[in-house]
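Structure data (mmCIF, C-alpha atoms and all ligand atoms) from run.cif:
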data_coords
#
loop_
_atom_site.group_PDB
_atom_site.id
_atom_site.type_symbol
_atom_site.label_atom_id
_atom_site.label_comp_id
_atom_site.auth_asym_id
_atom_site.auth_seq_id
_atom_site.Cartn_x
_atom_site.Cartn_y
_atom_site.Cartn_z
ATOM 1 C CA MET X 1 81.533 67.401 65.878
ATOM 2 C CA LYS X 2 80.019 69.108 62.824
ATOM 3 C CA LYS X 3 82.681 68.882 60.115
ATOM 4 C CA ASP X 4 81.331 71.701 57.945
ATOM 5 C CA PHE X 5 81.462 73.980 60.997
ATOM 6 C CA TRP X 6 84.964 75.016 59.932
ATOM 7 C CA ASN X 7 84.162 75.961 56.349
ATOM 8 C CA ASP X 8 84.811 79.689 55.725
ATOM 9 C CA ARG X 9 85.766 80.290 59.359
ATOM 10 C CA VAL X 10 88.624 82.580 60.357
ATOM 11 C CA VAL X 11 90.642 80.854 63.056
ATOM 12 C CA VAL X 12 93.608 82.202 65.027
ATOM 13 C CA ILE X 13 95.936 79.657 66.662
ATOM 14 C CA THR X 14 98.724 80.723 68.997
ATOM 15 C CA GLY X 15 101.637 78.325 69.407
ATOM 16 C CA ALA X 16 101.012 76.715 66.025
ATOM 17 C CA SER X 17 104.684 75.821 65.489
ATOM 18 C CA SER X 18 104.731 72.805 67.823
ATOM 19 C CA GLY X 19 102.754 70.254 69.809
ATOM 20 C CA ILE X 20 99.028 70.821 70.338
ATOM 21 C CA GLY X 21 98.915 74.046 68.293
ATOM 22 C CA LYS X 22 100.626 72.364 65.361
ATOM 23 C CA ALA X 23 98.189 69.431 65.565
ATOM 24 C CA LEU X 24 95.263 71.873 65.594
ATOM 25 C CA TYR X 25 96.650 73.598 62.527
ATOM 26 C CA GLU X 26 97.091 70.300 60.670
ATOM 27 C CA GLU X 27 93.563 69.138 61.576
ATOM 28 C CA LEU X 28 92.009 72.449 60.518
ATOM 29 C CA ALA X 29 93.982 72.898 57.284
ATOM 30 C CA ILE X 30 91.854 70.189 55.614
ATOM 31 C CA PHE X 31 88.869 72.575 55.703
ATOM 32 C CA PRO X 32 88.373 75.573 53.406
ATOM 33 C CA CYS X 33 89.026 78.148 56.110
ATOM 34 C CA GLU X 34 91.406 80.995 56.900
ATOM 35 C CA LEU X 35 94.072 80.227 59.499
ATOM 36 C CA VAL X 36 96.183 82.827 61.282
ATOM 37 C CA LEU X 37 99.125 81.070 62.915
ATOM 38 C CA LEU X 38 101.145 82.801 65.617
ATOM 39 C CA ALA X 39 104.466 81.737 67.126
ATOM 40 C CA ARG X 40 107.985 83.025 67.549
ATOM 41 C CA ARG X 41 109.016 80.428 64.957
ATOM 42 C CA ALA X 42 106.088 81.132 62.633
ATOM 43 C CA ALA X 43 108.438 81.379 59.649
ATOM 44 C CA GLU X 44 109.354 77.703 60.149
ATOM 45 C CA ILE X 45 105.751 76.471 59.919
ATOM 46 C CA GLU X 46 105.312 74.324 56.825
ATOM 47 C CA GLU X 47 102.195 73.699 54.772
ATOM 48 C CA PRO X 48 100.656 70.319 55.571
ATOM 49 C CA LYS X 49 100.296 67.902 52.655
ATOM 50 C CA ASN X 50 96.564 67.481 53.168
ATOM 51 C CA LYS X 51 95.789 71.226 53.031
ATOM 52 C CA HIS X 52 92.489 72.084 51.318
ATOM 53 C CA GLU X 53 93.047 74.044 48.111
ATOM 54 C CA ARG X 54 90.905 76.925 49.414
ATOM 55 C CA THR X 55 92.549 77.149 52.838
ATOM 56 C CA ILE X 56 94.324 80.450 53.376
ATOM 57 C CA ILE X 57 97.233 80.470 55.804
ATOM 58 C CA HIS X 58 98.798 83.542 57.403
ATOM 59 C CA LEU X 59 101.996 83.212 59.404
ATOM 60 C CA VAL X 60 102.504 85.826 62.110
ATOM 61 C CA THR X 61 105.796 85.952 63.986
ATOM 62 C CA CYS X 62 104.937 86.953 67.520
ATOM 63 C CA ASP X 63 106.592 86.679 70.908
ATOM 64 C CA LEU X 64 103.750 86.678 73.432
ATOM 65 C CA SER X 65 106.124 87.680 76.212
ATOM 66 C CA ASP X 66 106.905 90.952 74.420
ATOM 67 C CA SER X 67 104.070 93.503 74.451
ATOM 68 C CA THR X 68 105.372 95.376 71.377
ATOM 69 C CA SER X 69 105.457 92.128 69.423
ATOM 70 C CA VAL X 70 101.879 91.314 70.526
ATOM 71 C CA MET X 71 100.713 94.812 69.578
ATOM 72 C CA ASP X 72 102.305 94.434 66.116
ATOM 73 C CA ALA X 73 100.591 91.040 65.694
ATOM 74 C CA ILE X 74 97.200 92.512 66.654
ATOM 75 C CA GLU X 75 97.600 95.372 64.170
ATOM 76 C CA TRP X 76 98.662 92.960 61.443
ATOM 77 C CA ILE X 77 95.673 90.680 62.042
ATOM 78 C CA GLN X 78 93.252 93.633 62.169
ATOM 79 C CA LYS X 79 94.445 94.695 58.713
ATOM 80 C CA LYS X 80 94.355 91.180 57.244
ATOM 81 C CA VAL X 81 91.003 89.715 58.377
ATOM 82 C CA THR X 82 87.542 91.214 58.827
ATOM 83 C CA LYS X 83 86.343 88.786 61.509
ATOM 84 C CA ILE X 84 87.553 86.018 63.805
ATOM 85 C CA ASP X 85 85.342 82.986 64.514
ATOM 86 C CA VAL X 86 87.644 81.084 66.865
ATOM 87 C CA LEU X 87 90.749 82.068 68.792
ATOM 88 C CA PHE X 88 92.687 79.043 70.032
ATOM 89 C CA ASN X 89 94.606 80.656 72.857
ATOM 90 C CA ASN X 90 97.053 77.802 73.025
ATOM 91 C CA ALA X 91 100.702 78.922 73.274
ATOM 92 C CA GLY X 92 102.393 78.520 76.617
ATOM 93 C CA ILE X 93 105.470 77.433 78.498
ATOM 94 C CA THR X 94 105.918 75.397 81.616
ATOM 95 C CA ALA X 95 108.341 76.201 84.439
ATOM 96 C CA HIS X 96 109.621 73.580 86.846
ATOM 97 C CA GLY X 97 111.067 74.310 90.268
ATOM 98 C CA ARG X 98 110.146 74.582 93.916
ATOM 99 C CA PHE X 99 108.386 77.784 95.033
ATOM 100 C CA ASP X 100 111.535 79.184 96.694
ATOM 101 C CA SER X 101 114.033 77.974 94.083
ATOM 102 C CA LEU X 102 112.290 79.492 91.040
ATOM 103 C CA SER X 103 114.003 82.794 90.267
ATOM 104 C CA MET X 104 111.815 85.884 90.140
ATOM 105 C CA ASP X 105 112.786 86.185 86.497
ATOM 106 C CA VAL X 106 111.201 82.771 85.840
ATOM 107 C CA TYR X 107 107.979 83.842 87.579
ATOM 108 C CA ARG X 108 107.967 86.999 85.409
ATOM 109 C CA LYS X 109 108.756 85.192 82.137
ATOM 110 C CA THR X 110 106.128 82.524 82.792
ATOM 111 C CA PHE X 111 103.483 85.147 83.492
ATOM 112 C CA ALA X 112 104.608 87.212 80.477
ATOM 113 C CA THR X 113 104.032 84.230 78.145
ATOM 114 C CA ASN X 114 101.090 82.485 79.800
ATOM 115 C CA PHE X 115 99.162 85.437 81.178
ATOM 116 C CA PHE X 116 100.056 88.966 79.992
ATOM 117 C CA GLY X 117 100.634 87.996 76.330
ATOM 118 C CA PRO X 118 97.363 86.044 75.960
ATOM 119 C CA ILE X 119 95.396 88.749 77.808
ATOM 120 C CA GLN X 120 96.809 91.463 75.545
ATOM 121 C CA LEU X 121 96.040 89.392 72.455
ATOM 122 C CA VAL X 122 92.475 88.595 73.543
ATOM 123 C CA ARG X 123 91.830 92.280 74.340
ATOM 124 C CA GLY X 124 93.162 93.341 70.936
ATOM 125 C CA LEU X 125 91.199 90.741 68.970
ATOM 126 C CA LEU X 126 87.983 90.983 70.983
ATOM 127 C CA PRO X 127 86.138 93.333 68.577
ATOM 128 C CA LEU X 128 86.738 90.882 65.694
ATOM 129 C CA LEU X 129 85.534 87.962 67.860
ATOM 130 C CA LEU X 130 82.436 89.814 69.023
ATOM 131 C CA LEU X 131 81.474 90.492 65.403
ATOM 132 C CA THR X 132 80.937 86.757 64.861
ATOM 133 C CA LYS X 133 79.785 85.877 68.401
ATOM 134 C CA GLY X 134 82.902 83.754 68.223
ATOM 135 C CA ASN X 135 84.735 81.474 70.605
ATOM 136 C CA ILE X 136 87.895 81.783 72.659
ATOM 137 C CA VAL X 137 89.232 78.322 73.491
ATOM 138 C CA THR X 138 92.177 78.292 75.877
ATOM 139 C CA THR X 139 94.551 75.366 76.229
ATOM 140 C CA SER X 140 95.010 75.182 79.959
ATOM 141 C CA THR X 141 96.169 72.481 82.307
ATOM 142 C CA VAL X 142 95.012 70.455 85.285
ATOM 143 C CA SER X 143 97.825 72.287 87.132
ATOM 144 C CA ALA X 144 95.616 75.397 86.953
ATOM 145 C CA LEU X 145 92.983 73.700 89.115
ATOM 146 C CA TYR X 146 95.204 73.588 92.196
ATOM 147 C CA GLY X 147 98.703 74.906 92.948
ATOM 148 C CA VAL X 148 100.836 71.902 92.078
ATOM 149 C CA PRO X 149 104.197 71.262 93.817
ATOM 150 C CA GLY X 150 107.190 72.070 91.610
ATOM 151 C CA ARG X 151 104.945 74.146 89.339
ATOM 152 C CA ALA X 152 104.242 77.312 91.365
ATOM 153 C CA ALA X 153 104.890 79.701 88.450
ATOM 154 C CA TYR X 154 103.116 77.547 85.846
ATOM 155 C CA SER X 155 100.073 76.758 88.016
ATOM 156 C CA ALA X 156 99.753 80.395 89.087
ATOM 157 C CA SER X 157 100.070 81.817 85.548
ATOM 158 C CA LYS X 158 97.414 79.467 84.165
ATOM 159 C CA SER X 159 94.972 79.859 87.051
ATOM 160 C CA ALA X 160 95.353 83.652 86.795
ATOM 161 C CA LEU X 161 94.418 83.305 83.136
ATOM 162 C CA HIS X 162 91.347 81.272 84.172
ATOM 163 C CA ALA X 163 90.192 84.042 86.505
ATOM 164 C CA ALA X 164 90.672 86.815 83.939
ATOM 165 C CA LEU X 165 88.845 84.892 81.210
ATOM 166 C CA GLU X 166 86.021 83.966 83.596
ATOM 167 C CA SER X 167 85.583 87.693 84.249
ATOM 168 C CA LEU X 168 85.481 88.275 80.495
ATOM 169 C CA ARG X 169 82.914 85.483 80.080
ATOM 170 C CA ILE X 170 80.574 87.105 82.572
ATOM 171 C CA GLU X 171 81.124 90.608 81.208
ATOM 172 C CA THR X 172 80.256 89.412 77.688
ATOM 173 C CA LEU X 173 77.331 87.226 78.804
ATOM 174 C CA GLU X 174 74.875 88.978 76.514
ATOM 175 C CA SER X 175 77.194 89.182 73.517
ATOM 176 C CA GLY X 176 77.097 85.520 72.462
ATOM 177 C CA LEU X 177 80.857 85.105 72.861
ATOM 178 C CA GLY X 178 82.040 81.660 74.003
ATOM 179 C CA VAL X 179 84.918 81.487 76.486
ATOM 180 C CA SER X 180 86.180 78.060 77.482
ATOM 181 C CA LEU X 181 89.111 76.726 79.463
ATOM 182 C CA VAL X 182 90.294 73.261 78.558
ATOM 183 C CA CYS X 183 92.414 71.551 81.221
ATOM 184 C CA VAL X 184 94.606 69.225 79.242
ATOM 185 C CA PRO X 185 96.325 66.244 80.917
ATOM 186 C CA TYR X 186 99.885 65.077 80.123
ATOM 187 C CA THR X 187 100.353 65.151 76.354
ATOM 188 C CA ASP X 188 103.274 64.126 74.164
ATOM 189 C CA THR X 189 104.711 67.452 72.988
ATOM 190 C CA ALA X 190 107.896 69.485 73.393
ATOM 191 C CA LEU X 191 106.571 71.235 76.546
ATOM 192 C CA ARG X 192 109.190 69.663 78.822
ATOM 193 C CA THR X 193 112.021 70.756 76.560
ATOM 194 C CA SER X 194 110.666 74.207 75.717
ATOM 195 C CA GLY X 195 109.866 75.507 79.202
ATOM 196 C CA LEU X 196 112.133 76.906 81.894
ATOM 197 C CA ASP X 197 113.963 75.388 84.840
ATOM 198 C CA ALA X 198 114.234 77.170 88.191
ATOM 199 C CA SER X 199 117.149 79.324 87.071
ATOM 200 C CA GLY X 200 115.621 80.272 83.735
ATOM 201 C CA GLU X 201 117.555 77.824 81.540
ATOM 202 C CA ILE X 202 115.636 75.828 78.927
ATOM 203 C CA LEU X 203 114.138 72.780 80.602
ATOM 204 C CA SER X 204 115.392 69.373 79.651
ATOM 205 C CA GLU X 205 113.096 66.754 81.168
ATOM 206 C CA ALA X 206 111.918 63.327 80.128
ATOM 207 C CA PRO X 207 108.220 62.986 79.232
ATOM 208 C CA ALA X 208 105.827 62.566 82.161
ATOM 209 C CA LYS X 209 105.422 58.986 83.359
ATOM 210 C CA GLY X 210 102.189 57.139 82.781
ATOM 211 C CA LYS X 211 99.412 57.642 80.250
ATOM 212 C CA ARG X 212 99.789 60.570 77.883
ATOM 213 C CA LYS X 213 97.507 61.984 75.214
ATOM 214 C CA THR X 214 98.674 62.612 71.685
ATOM 215 C CA ALA X 215 98.618 66.205 70.426
ATOM 216 C CA SER X 216 96.097 65.184 67.796
ATOM 217 C CA GLU X 217 93.708 63.694 70.415
ATOM 218 C CA VAL X 218 93.838 66.976 72.318
ATOM 219 C CA ALA X 219 93.340 68.979 69.103
ATOM 220 C CA HIS X 220 90.109 67.054 68.419
ATOM 221 C CA VAL X 221 88.764 67.888 71.872
ATOM 222 C CA LEU X 222 89.677 71.573 71.429
ATOM 223 C CA MET X 223 87.918 71.595 68.051
ATOM 224 C CA SER X 224 84.735 70.155 69.521
ATOM 225 C CA VAL X 225 84.863 72.591 72.464
ATOM 226 C CA ALA X 226 85.063 75.425 69.900
ATOM 227 C CA GLN X 227 81.635 74.343 68.637
ATOM 228 C CA ASN X 228 80.006 74.370 72.047
ATOM 229 C CA LYS X 229 79.181 77.769 73.539
ATOM 230 C CA GLU X 230 78.154 76.077 76.799
ATOM 231 C CA ALA X 231 81.643 74.660 77.414
ATOM 232 C CA ARG X 232 83.235 76.482 80.315
ATOM 233 C CA LEU X 233 85.760 74.439 82.281
ATOM 234 C CA VAL X 234 86.574 71.240 80.432
ATOM 235 C CA THR X 235 88.543 68.411 82.028
ATOM 236 C CA PHE X 236 89.411 65.290 80.094
ATOM 237 C CA ASN X 237 89.681 62.459 82.523
ATOM 238 C CA LEU X 238 89.407 61.312 86.107
ATOM 239 C CA SER X 239 92.570 63.072 87.291
ATOM 240 C CA GLY X 240 91.178 66.407 86.120
ATOM 241 C CA LYS X 241 87.763 65.743 87.677
ATOM 242 C CA PHE X 242 89.480 64.540 90.858
ATOM 243 C CA LEU X 243 91.372 67.838 91.252
ATOM 244 C CA GLU X 244 88.248 69.827 90.437
ATOM 245 C CA TRP X 245 86.133 68.041 93.067
ATOM 246 C CA MET X 246 88.712 67.450 95.794
ATOM 247 C CA ARG X 247 89.598 71.140 95.937
ATOM 248 C CA PHE X 248 86.160 71.670 97.480
ATOM 249 C CA PHE X 249 85.431 68.367 99.199
ATOM 250 C CA SER X 250 88.770 67.517 100.809
ATOM 251 C CA PRO X 251 91.708 69.818 100.056
ATOM 252 C CA LYS X 252 93.700 68.212 102.889
ATOM 253 C CA PHE X 253 93.482 64.779 101.290
ATOM 254 C CA LEU X 254 94.231 66.253 97.853
ATOM 255 C CA GLU X 255 97.361 68.003 99.120
ATOM 256 C CA LYS X 256 98.644 64.760 100.677
ATOM 257 C CA ILE X 257 98.251 63.008 97.335
ATOM 258 C CA LEU X 258 99.930 65.824 95.391
ATOM 259 C CA TYR X 259 102.780 65.834 97.939
ATOM 260 C CA LYS X 260 103.292 62.084 97.577
ATOM 261 C CA LYS X 261 102.934 61.920 93.804
ATOM 262 C CA LEU X 262 104.565 65.108 92.586
ATOM 263 C CA TYR X 263 106.854 66.641 95.207
ATOM 264 C CA GLU X 264 109.547 63.944 95.357
ATOM 265 C CA ASP X 265 111.716 65.444 92.570
ATOM 266 C CA PHE X 266 111.650 68.911 94.117
ATOM 267 C CA LYS X 267 112.436 68.154 97.774
ATOM 268 C CA PRO X 268 115.542 70.017 99.033
ATOM 269 C CA HIS X 269 118.449 67.575 99.458
HETATM 270 N N1 LIG L 1 102.002 68.945 76.846
HETATM 271 C C1 LIG L 1 101.331 68.835 77.980
HETATM 272 O O1 LIG L 1 101.473 67.857 78.744
HETATM 273 C C2 LIG L 1 100.363 69.927 78.355
HETATM 274 C C3 LIG L 1 99.480 69.679 79.424
HETATM 275 C C4 LIG L 1 98.601 70.680 79.790
HETATM 276 C C5 LIG L 1 98.575 71.873 79.105
HETATM 277 N N2 LIG L 1 99.438 72.094 78.072
HETATM 278 C C6 LIG L 1 99.392 73.403 77.416
HETATM 279 O O2 LIG L 1 99.337 73.222 76.019
HETATM 280 C C7 LIG L 1 99.780 74.414 75.385
HETATM 281 C C8 LIG L 1 100.643 74.031 74.189
HETATM 282 O O3 LIG L 1 101.833 73.429 74.645
HETATM 283 P P1 LIG L 1 102.434 72.082 74.010
HETATM 284 O O4 LIG L 1 102.257 71.025 75.020
HETATM 285 O O5 LIG L 1 101.929 71.882 72.648
HETATM 286 O O6 LIG L 1 104.003 72.456 74.049
HETATM 287 P P2 LIG L 1 105.038 72.831 72.883
HETATM 288 O O7 LIG L 1 105.163 71.697 71.928
HETATM 289 O O8 LIG L 1 106.264 73.288 73.604
HETATM 290 O O9 LIG L 1 104.356 74.051 72.142
HETATM 291 C C9 LIG L 1 104.297 75.324 72.741
HETATM 292 C C10 LIG L 1 103.896 76.336 71.686
HETATM 293 O O10 LIG L 1 103.809 77.621 72.326
HETATM 294 C C11 LIG L 1 104.549 78.561 71.582
HETATM 295 N N3 LIG L 1 105.154 79.563 72.455
HETATM 296 C C12 LIG L 1 105.905 79.369 73.570
HETATM 297 N N4 LIG L 1 106.357 80.537 74.040
HETATM 298 C C13 LIG L 1 105.882 81.496 73.203
HETATM 299 C C14 LIG L 1 106.017 82.901 73.137
HETATM 300 N N5 LIG L 1 106.761 83.600 74.028
HETATM 301 N N6 LIG L 1 105.397 83.572 72.136
HETATM 302 C C15 LIG L 1 104.655 82.905 71.211
HETATM 303 N N7 LIG L 1 104.498 81.582 71.213
HETATM 304 C C16 LIG L 1 105.110 80.888 72.192
HETATM 305 C C17 LIG L 1 105.647 77.753 70.887
HETATM 306 O O11 LIG L 1 106.039 78.400 69.676
HETATM 307 P P3 LIG L 1 107.460 79.119 69.448
HETATM 308 O O12 LIG L 1 108.474 78.391 70.267
HETATM 309 O O13 LIG L 1 107.656 79.026 67.971
HETATM 310 O O14 LIG L 1 107.226 80.519 69.902
HETATM 311 C C18 LIG L 1 104.927 76.445 70.576
HETATM 312 O O15 LIG L 1 104.294 76.534 69.330
HETATM 313 C C19 LIG L 1 100.495 75.224 76.456
HETATM 314 O O16 LIG L 1 99.700 76.330 76.819
HETATM 315 C C20 LIG L 1 100.617 74.261 77.624
HETATM 316 O O17 LIG L 1 100.598 74.910 78.865
HETATM 317 C C21 LIG L 1 100.310 71.146 77.677
#
Entire entry expressed as structure tokens:
Amino acid sequence: MKKDFWNDRVVVITGASSGIGKALYEELAIFPCELVLLARRAAEIEEPKNKHERTIIHLVTCDLSDSTSVMDAIEWIQKKVTKIDVLFNNAGITAHGRFDSLSMDVYRKTFATNFFGPIQLVRGLLPLLLLTKGNIVTTSTVSALYGVPGRAAYSASKSALHAALESLRIETLESGLGVSLVCVPYTDTALRTSGLDASGEILSEAPAKGKRKTASEVAHVLMSVAQNKEARLVTFNLSGKFLEWMRFFSPKFLEKILYKKLYEDFKPH
């Protein structure tokens, strides 16, 4: 990764108040760049100790699930910066519940945050990104690669985002814009206490079992993807690759494994 890549760049990070977005912000603040940080709790974002003296930070309070709030954020950014080099399209929520137990409101809220908000933001900021032949790096999930049991709303919202951004990538093929989707594995963040349960209450779940990435490890991968225009669909490890390949080679076998590994907690009693 070229370290001086970030000097004088204008970078937008959504979901910079927690987890992966916060780690990205802390990693990038050491460079003399301009950071635009979006979140509902933007006002609570503190300056990191290691911030470069020339780094400029803008805090933008924005609820991605509210189109008026997203429109206000776009207008604010358009007035404040003259270009955008990288948009880290990172904010998101999870939603846990079986297909038929998730309320329709949860499906709608999950799509509002993970799909409609990001799409509206990307559309609004596109002219500023095209000016620099910039990069849109989306924090996605392996659950977008196949509909995962207990995650119908989450999987669907993220894979819908994949499809829309793939369309954008093709439509802007000659513009020099980079559009990449990074399918992150389990990572230690607040995701399982910030998302929604089937009835729309705030989720309260223990961290996923097994190996987990740190937010800072994921931030480093996202930062290197931002420097690579050829990056399209990025998976981190074998489980990501496995889903990617098995979808085509043996979906029946893949579904059996997903049923065994992930459905247990969601079976009707
Ligand atoms: N952690 C994992 O295991 C994992 C795995 C795969 C993919 N991911 C993806 O990683 C991304 C970041 O999540 P995280 O793991 O870092 O979880 P997190 O710690 O809960 O952070 C989520 C971030 O998204 C923001 N956000 C949520 N709803 C929002 C809304 N309506 N409007 C604006 N911002 C909103 C939150 O900010 P406010 O609450 O201040 O608004 C927060 O900064 C998500 O897209 C998630 O799907 C995570």
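Distances here use all atoms listed in the file; by that measure, the residue among X:Asp85, X:Glu174, X:Asp8, X:Glu44 closest to ligand LIG 1 (chain L) is X:Glu44.
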Counting only C-alpha atoms and all ligand atoms, give me one row per residue of chain X with an atom at most 8 Å from an atom of ligand LIG 1 (chain L), showing the shortest contact pair and its distance in Å to one decimal, sorted by chain then residue number, as a Markdown table.
| residue | atom | partner | partner_atom | distance |
| --- | --- | --- | --- | --- |
| X:Thr14 | CA | L:LIG1 | N7 | 6.2 |
| X:Gly15 | CA | L:LIG1 | O15 | 3.2 |
| X:Ala16 | CA | L:LIG1 | O15 | 4.7 |
| X:Ser17 | CA | L:LIG1 | O15 | 3.9 |
| X:Ser18 | CA | L:LIG1 | O15 | 4.0 |
| X:Gly19 | CA | L:LIG1 | O5 | 3.4 |
| X:Ile20 | CA | L:LIG1 | O5 | 3.9 |
| X:Gly21 | CA | L:LIG1 | O5 | 5.7 |
| X:Lys22 | CA | L:LIG1 | O15 | 6.8 |
| X:Leu38 | CA | L:LIG1 | C15 | 6.6 |
| X:Ala39 | CA | L:LIG1 | N7 | 4.1 |
| X:Arg40 | CA | L:LIG1 | O14 | 3.5 |
| X:Arg41 | CA | L:LIG1 | O13 | 3.6 |
| X:Ala42 | CA | L:LIG1 | O13 | 5.9 |
| X:Thr61 | CA | L:LIG1 | C15 | 7.9 |
| X:Cys62 | CA | L:LIG1 | C15 | 5.5 |
| X:Asp63 | CA | L:LIG1 | N6 | 3.5 |
| X:Leu64 | CA | L:LIG1 | N6 | 3.7 |
| X:Ser65 | CA | L:LIG1 | N5 | 4.7 |
| X:Asp66 | CA | L:LIG1 | N5 | 7.4 |
| X:Asn89 | CA | L:LIG1 | O16 | 7.8 |
| X:Asn90 | CA | L:LIG1 | O16 | 4.9 |
| X:Ala91 | CA | L:LIG1 | O10 | 3.5 |
| X:Gly92 | CA | L:LIG1 | O16 | 3.5 |
| X:Ile93 | CA | L:LIG1 | C12 | 5.3 |
| X:Thr94 | CA | L:LIG1 | O17 | 6.0 |
| X:Ala112 | CA | L:LIG1 | N5 | 7.7 |
| X:Thr113 | CA | L:LIG1 | N5 | 5.0 |
| X:Asn114 | CA | L:LIG1 | O16 | 7.0 |
| X:Gly117 | CA | L:LIG1 | N6 | 7.7 |
| X:Thr138 | CA | L:LIG1 | O16 | 7.8 |
| X:Thr139 | CA | L:LIG1 | O2 | 5.2 |
| X:Ser140 | CA | L:LIG1 | C5 | 4.9 |
| X:Thr141 | CA | L:LIG1 | C4 | 3.9 |
| X:Val142 | CA | L:LIG1 | C4 | 6.6 |
| X:Ser143 | CA | L:LIG1 | C4 | 7.6 |
| X:Tyr154 | CA | L:LIG1 | O17 | 7.9 |
| X:Lys158 | CA | L:LIG1 | O17 | 7.7 |
| X:Cys183 | CA | L:LIG1 | C4 | 6.4 |
| X:Val184 | CA | L:LIG1 | C4 | 4.3 |
| X:Pro185 | CA | L:LIG1 | C3 | 4.9 |
| X:Tyr186 | CA | L:LIG1 | O1 | 3.5 |
| X:Thr187 | CA | L:LIG1 | O1 | 3.8 |
| X:Asp188 | CA | L:LIG1 | N1 | 5.7 |
| X:Thr189 | CA | L:LIG1 | O7 | 4.4 |
| X:Ala190 | CA | L:LIG1 | O7 | 3.8 |
| X:Leu191 | CA | L:LIG1 | O8 | 3.6 |
| X:Arg192 | CA | L:LIG1 | O8 | 7.0 |
| X:Thr193 | CA | L:LIG1 | O8 | 6.9 |
| X:Ser194 | CA | L:LIG1 | O8 | 5.0 |
| X:Gly195 | CA | L:LIG1 | O8 | 7.0 |
| X:Ala208 | CA | L:LIG1 | O1 | 7.7 |
| X:Arg212 | CA | L:LIG1 | O1 | 7.5 |
| X:Lys213 | CA | L:LIG1 | O1 | 7.9 |
| X:Ala215 | CA | L:LIG1 | O5 | 6.9 |
What lies within 9 Å of X:Val81 using all atoms listed in the file, ignoring chain neighbours under 5 positions off, as a PyMOL selection string?
-> chain X and resi 10+34+76+128
Which residues match the PyMOL selection byres (((chain X and resi 152) around 10) and not hetatm) in the file above, as a ChimeraX atom specification?
-> /X:95-100,102,107,143-144,146-151,153-157
Kindly save the residues from that selection, with C-alpha atoms included, as a CSV table (one decimal), in the frame of the given file.
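The file below, again-v3.csv, is the result:
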chain,number,residue,atom,x,y,z
X,95,ALA,CA,108.3,76.2,84.4
X,96,HIS,CA,109.6,73.6,86.8
X,97,GLY,CA,111.1,74.3,90.3
X,98,ARG,CA,110.1,74.6,93.9
X,99,PHE,CA,108.4,77.8,95.0
X,100,ASP,CA,111.5,79.2,96.7
X,102,LEU,CA,112.3,79.5,91.0
X,107,TYR,CA,108.0,83.8,87.6
X,143,SER,CA,97.8,72.3,87.1
X,144,ALA,CA,95.6,75.4,87.0
X,146,TYR,CA,95.2,73.6,92.2
X,147,GLY,CA,98.7,74.9,92.9
X,148,VAL,CA,100.8,71.9,92.1
X,149,PRO,CA,104.2,71.3,93.8
X,150,GLY,CA,107.2,72.1,91.6
X,151,ARG,CA,104.9,74.1,89.3
X,153,ALA,CA,104.9,79.7,88.4
X,154,TYR,CA,103.1,77.5,85.8
X,155,SER,CA,100.1,76.8,88.0
X,156,ALA,CA,99.8,80.4,89.1
X,157,SER,CA,100.1,81.8,85.5
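When atom CA of X:Val106 is paired with atom CA of X:Ser204, their separation reads 15.3 Å.
Across the structure, atom CA of X:Phe31 and atom CA of X:Thr55 are spaced 6.5 Å apart.
The neighbours of X:Ala226 here are the residues that come within 10 Å of it, using all atoms listed in the file and leaving out any residue fewer than 3 positions away in the same chain; they are Met1, Phe5, Trp6, Asp85, Val86, Leu87, Phe88, Gly134, Asn135, Ile136, Val137, Thr138, Gly178, Val179, Ser180, His220, Val221, Leu222, Met223, Lys229, Glu230 and Ala231 of chain X.
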Give me the result of the PyMOL selection byres (((chain X and resi 233) around 7) and not hetatm) on this file, residue by residue, as number ranges by chain.
-> X: 180-182, 231-232, 234-235
Give the centre and edge lengths of an axis-aligned box, in Å to one decimal, that holds all listed atoms of stretch 175-184 of chain X with 3 Å on each side, as JSON.
{"center_x": 85.9, "center_y": 79.2, "center_z": 76.8, "size_x": 23.5, "size_y": 26.0, "size_z": 14.8}
